[in-house]
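S.K.: Can you read through this structure? Questions will come right after.
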Amino acid sequence: KQEVTQIPAALSVPEGENLVLNCSFTDSAIYNLQWFRQDPGKGLTSLLLIQSSQREQTSGRLNASLDKSSGRSTLYIAASQPGDSATYLCAVSIGNQFYFGTGTSLTVIP
Amino acid sequence: EAGVAQSPRYKIIEKRQSVAFWCNPISGHATLYWYQQILGQGPKLLIQFQNNGVVDDSQLPKDRFSAERLKGVDSTLKIQPAKLEDSAVYLCASSWARNTEAFFGQGTRLTVV
């Protein structure tokens, strides 16, 4: 069974700092990996999708990388803003479903 | 493009009562998922549909949970009877096809008292 781990569980940074969120998974036979953002009491918003054949994807201040062989992905957030405060979840697609990590709760302090 | 619609947003019921949730996926999306997210945890797949057929329901507690997607568009998830441990957010998601980008609705927060 696929296990997805996200470290750290919580992170607090001052505004303007660059930061990295980590996601690791046990089975490298994935179709793709998706990063989501979840605000309190809300659903999940898709941020980036990386296909298994890709190494990275970029959207604005976000950059996600994928290293299938080591079972790792990172989400890089540049010049963090208070509006980036949320929980960030990664999910790997394998077989018929997505397997989610437990998320990293990010707080950006003004 | 309209997103995934879910209703209701919130529901409070007593244990042993029944409840139903509704989901309307993004138009044209063949794959529909129902996830359960317990506080502090990542979402866990309950059931996946491809059009109106079930692809995976291995983690659905079938003694109390049921779901259908009769016309291959919208879907309902039912719990009967509810237990305290069913308190969670129920998320619906859809994608164009299996293993493509998934889009989630706002979720239904269920509290069982």
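By convention in this document, the chains of the structure tokens carry letters A, B, ... by their order, each chain's residues are numbered from 1, and ligands are numbered from 1 in the order they are shown.
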Please find the residues of chain B near chain A - the criterion being any atom within 6 Å, counting only C-alpha atoms - and write them as a PyMOL selection string.

M.R.: chain B and resi 41-42+99+104-107

S.K.: For the selection just defined, write its residues with N, CA, C and O atoms to a file, as a short mmCIF file (atom, residue, chain, number, x, y, z; two decimals), in the first residue's frame.

M.R.:
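Result saved to result29.cif:
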data_model
loop_
_atom_site.label_atom_id
_atom_site.label_comp_id
_atom_site.auth_asym_id
_atom_site.auth_seq_id
_atom_site.Cartn_x
_atom_site.Cartn_y
_atom_site.Cartn_z
N GLN B 41 -6.34 14.74 9.23
CA GLN B 41 -5.85 13.69 8.35
C GLN B 41 -6.01 14.10 6.89
O GLN B 41 -6.75 15.02 6.57
N GLY B 42 -5.31 13.38 6.01
CA GLY B 42 -5.53 13.58 4.59
C GLY B 42 -6.79 12.87 4.14
O GLY B 42 -7.30 11.97 4.83
N ASN B 99 -6.57 9.13 -13.36
CA ASN B 99 -5.18 9.54 -13.24
C ASN B 99 -4.87 10.86 -13.92
O ASN B 99 -3.71 11.14 -14.24
N PHE B 104 -11.63 19.47 -6.78
CA PHE B 104 -12.46 19.16 -5.62
C PHE B 104 -13.55 20.19 -5.40
O PHE B 104 -13.39 21.37 -5.71
N GLY B 105 -14.65 19.74 -4.81
CA GLY B 105 -15.69 20.64 -4.35
C GLY B 105 -15.35 21.18 -2.97
O GLY B 105 -14.30 20.88 -2.40
N GLN B 106 -16.26 22.01 -2.43
CA GLN B 106 -16.03 22.65 -1.13
C GLN B 106 -16.20 21.68 0.03
O GLN B 106 -15.76 21.95 1.13
N GLY B 107 -16.85 20.55 -0.22
CA GLY B 107 -17.02 19.57 0.83
C GLY B 107 -18.28 19.77 1.64
O GLY B 107 -18.88 20.85 1.65
#

S.K.: Need to verify the contact set: segment 7-23 of chain B, 8 Å, only C-alpha atoms, exclusion of same-chain residues closer than 2 positions in sequence. Can you return it as a PyMOL selection string?

M.R.: chain B and resi 4-5+25+74-84+92+106-113

S.K.: Considering only C-alpha atoms, return as JSON, numbers by chain whatever protein or nucleic-acid residues lie within 9 Å of segment 16-24 of chain A, sequence-local ones (same chain, fewer than 6 positions apart) excluded.

M.R.: {"A": [3, 4, 5, 6, 7, 8, 70, 71, 72, 73, 74, 75, 76, 77, 78, 79, 80, 81, 88, 89, 90, 91, 101, 103, 104, 108, 110]}

S.K.: Please measure the separation of atom CA of Asn24 of chain B and atom CA of Leu91 of chain B, giving the value in Å to one decimal.

M.R.: 11.6 Å

S.K.: Extract the full set of strand (DSSP E) residues from chain B according to DSSP on the backbone, and format it as a ChimeraX atom specification.

M.R.: /B:5-7,10-13,19-24,31-37,44-50,53-56,65-68,75-79,88-95,103-104,108-112

S.K.: Give me the residues near Gln48 of chain B as a list in words, where near means some atom within 8 Å (using only C-alpha atoms) and where sequence neighbours in that chain fewer than 6 positions away do not count.

M.R.: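 These residues fall inside the cut-off: Asn96 and Gln97 of chain A; Thr31, Leu32, Tyr33, Trp34, Val54, Val55, Asp56 and Asp57 of chain B.
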
S.K.: With N, CA and C atoms retained, export the selected residues as a JSON list (two decimals), in the first residue's frame.

M.R.:
[["chain", "number", "residue", "atom", "x", "y", "z"],
["A", 96, "ASN", "N", -5.95, 3.07, -9.18],
["A", 96, "ASN", "CA", -7.20, 3.76, -9.44],
["A", 96, "ASN", "C", -7.41, 5.03, -8.62],
["A", 97, "GLN", "N", -6.50, 5.37, -7.74],
["A", 97, "GLN", "CA", -6.82, 6.44, -6.82],
["A", 97, "GLN", "C", -5.63, 7.32, -6.48],
["B", 31, "THR", "N", -14.70, 10.80, -14.53],
["B", 31, "THR", "CA", -14.34, 10.16, -13.26],
["B", 31, "THR", "C", -14.80, 11.00, -12.08],
["B", 32, "LEU", "N", -15.44, 10.36, -11.14],
["B", 32, "LEU", "CA", -15.94, 11.06, -9.95],
["B", 32, "LEU", "C", -15.49, 10.28, -8.71],
["B", 33, "TYR", "N", -15.02, 11.02, -7.71],
["B", 33, "TYR", "CA", -14.52, 10.42, -6.48],
["B", 33, "TYR", "C", -15.28, 10.98, -5.29],
["B", 34, "TRP", "N", -15.48, 10.15, -4.29],
["B", 34, "TRP", "CA", -15.92, 10.60, -2.96],
["B", 34, "TRP", "C", -14.80, 10.27, -1.97],
["B", 54, "VAL", "N", -18.79, 1.65, -11.02],
["B", 54, "VAL", "CA", -17.87, 1.73, -9.89],
["B", 54, "VAL", "C", -16.52, 1.13, -10.26],
["B", 55, "VAL", "N", -15.46, 1.92, -10.07],
["B", 55, "VAL", "CA", -14.10, 1.45, -10.35],
["B", 55, "VAL", "C", -13.46, 0.88, -9.09],
["B", 56, "ASP", "N", -13.68, 1.57, -7.97],
["B", 56, "ASP", "CA", -13.04, 1.15, -6.71],
["B", 56, "ASP", "C", -13.93, 1.57, -5.56],
["B", 57, "ASP", "N", -14.39, 0.61, -4.79],
["B", 57, "ASP", "CA", -15.13, 0.91, -3.56],
["B", 57, "ASP", "C", -14.59, 0.07, -2.41]]

S.K.: To one decimal in Å, tell me the separation between atom CA of Ser69 of chain A and atom CA of Arg55 of chain A.

M.R.: 11.1 Å

S.K.: Can you work out the spacing between atom CA of Thr87 of chain A and atom CA of Ile109 of chain A in Å, to one decimal?

M.R.: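 One can read the atom CA of Thr87 of chain A to atom CA of Ile109 of chain A distance as 14.7 Å.
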
S.K.: Select, from A:Asp84, A:Leu66, A:Ser28, A:Ser52, the residue with the minimum atom-to-atom distance to Ser105 of chain A, counting only C-alpha atoms.

M.R.: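 Checking each candidate against Ser105 of chain A, we get A:Asp84 as the closest.
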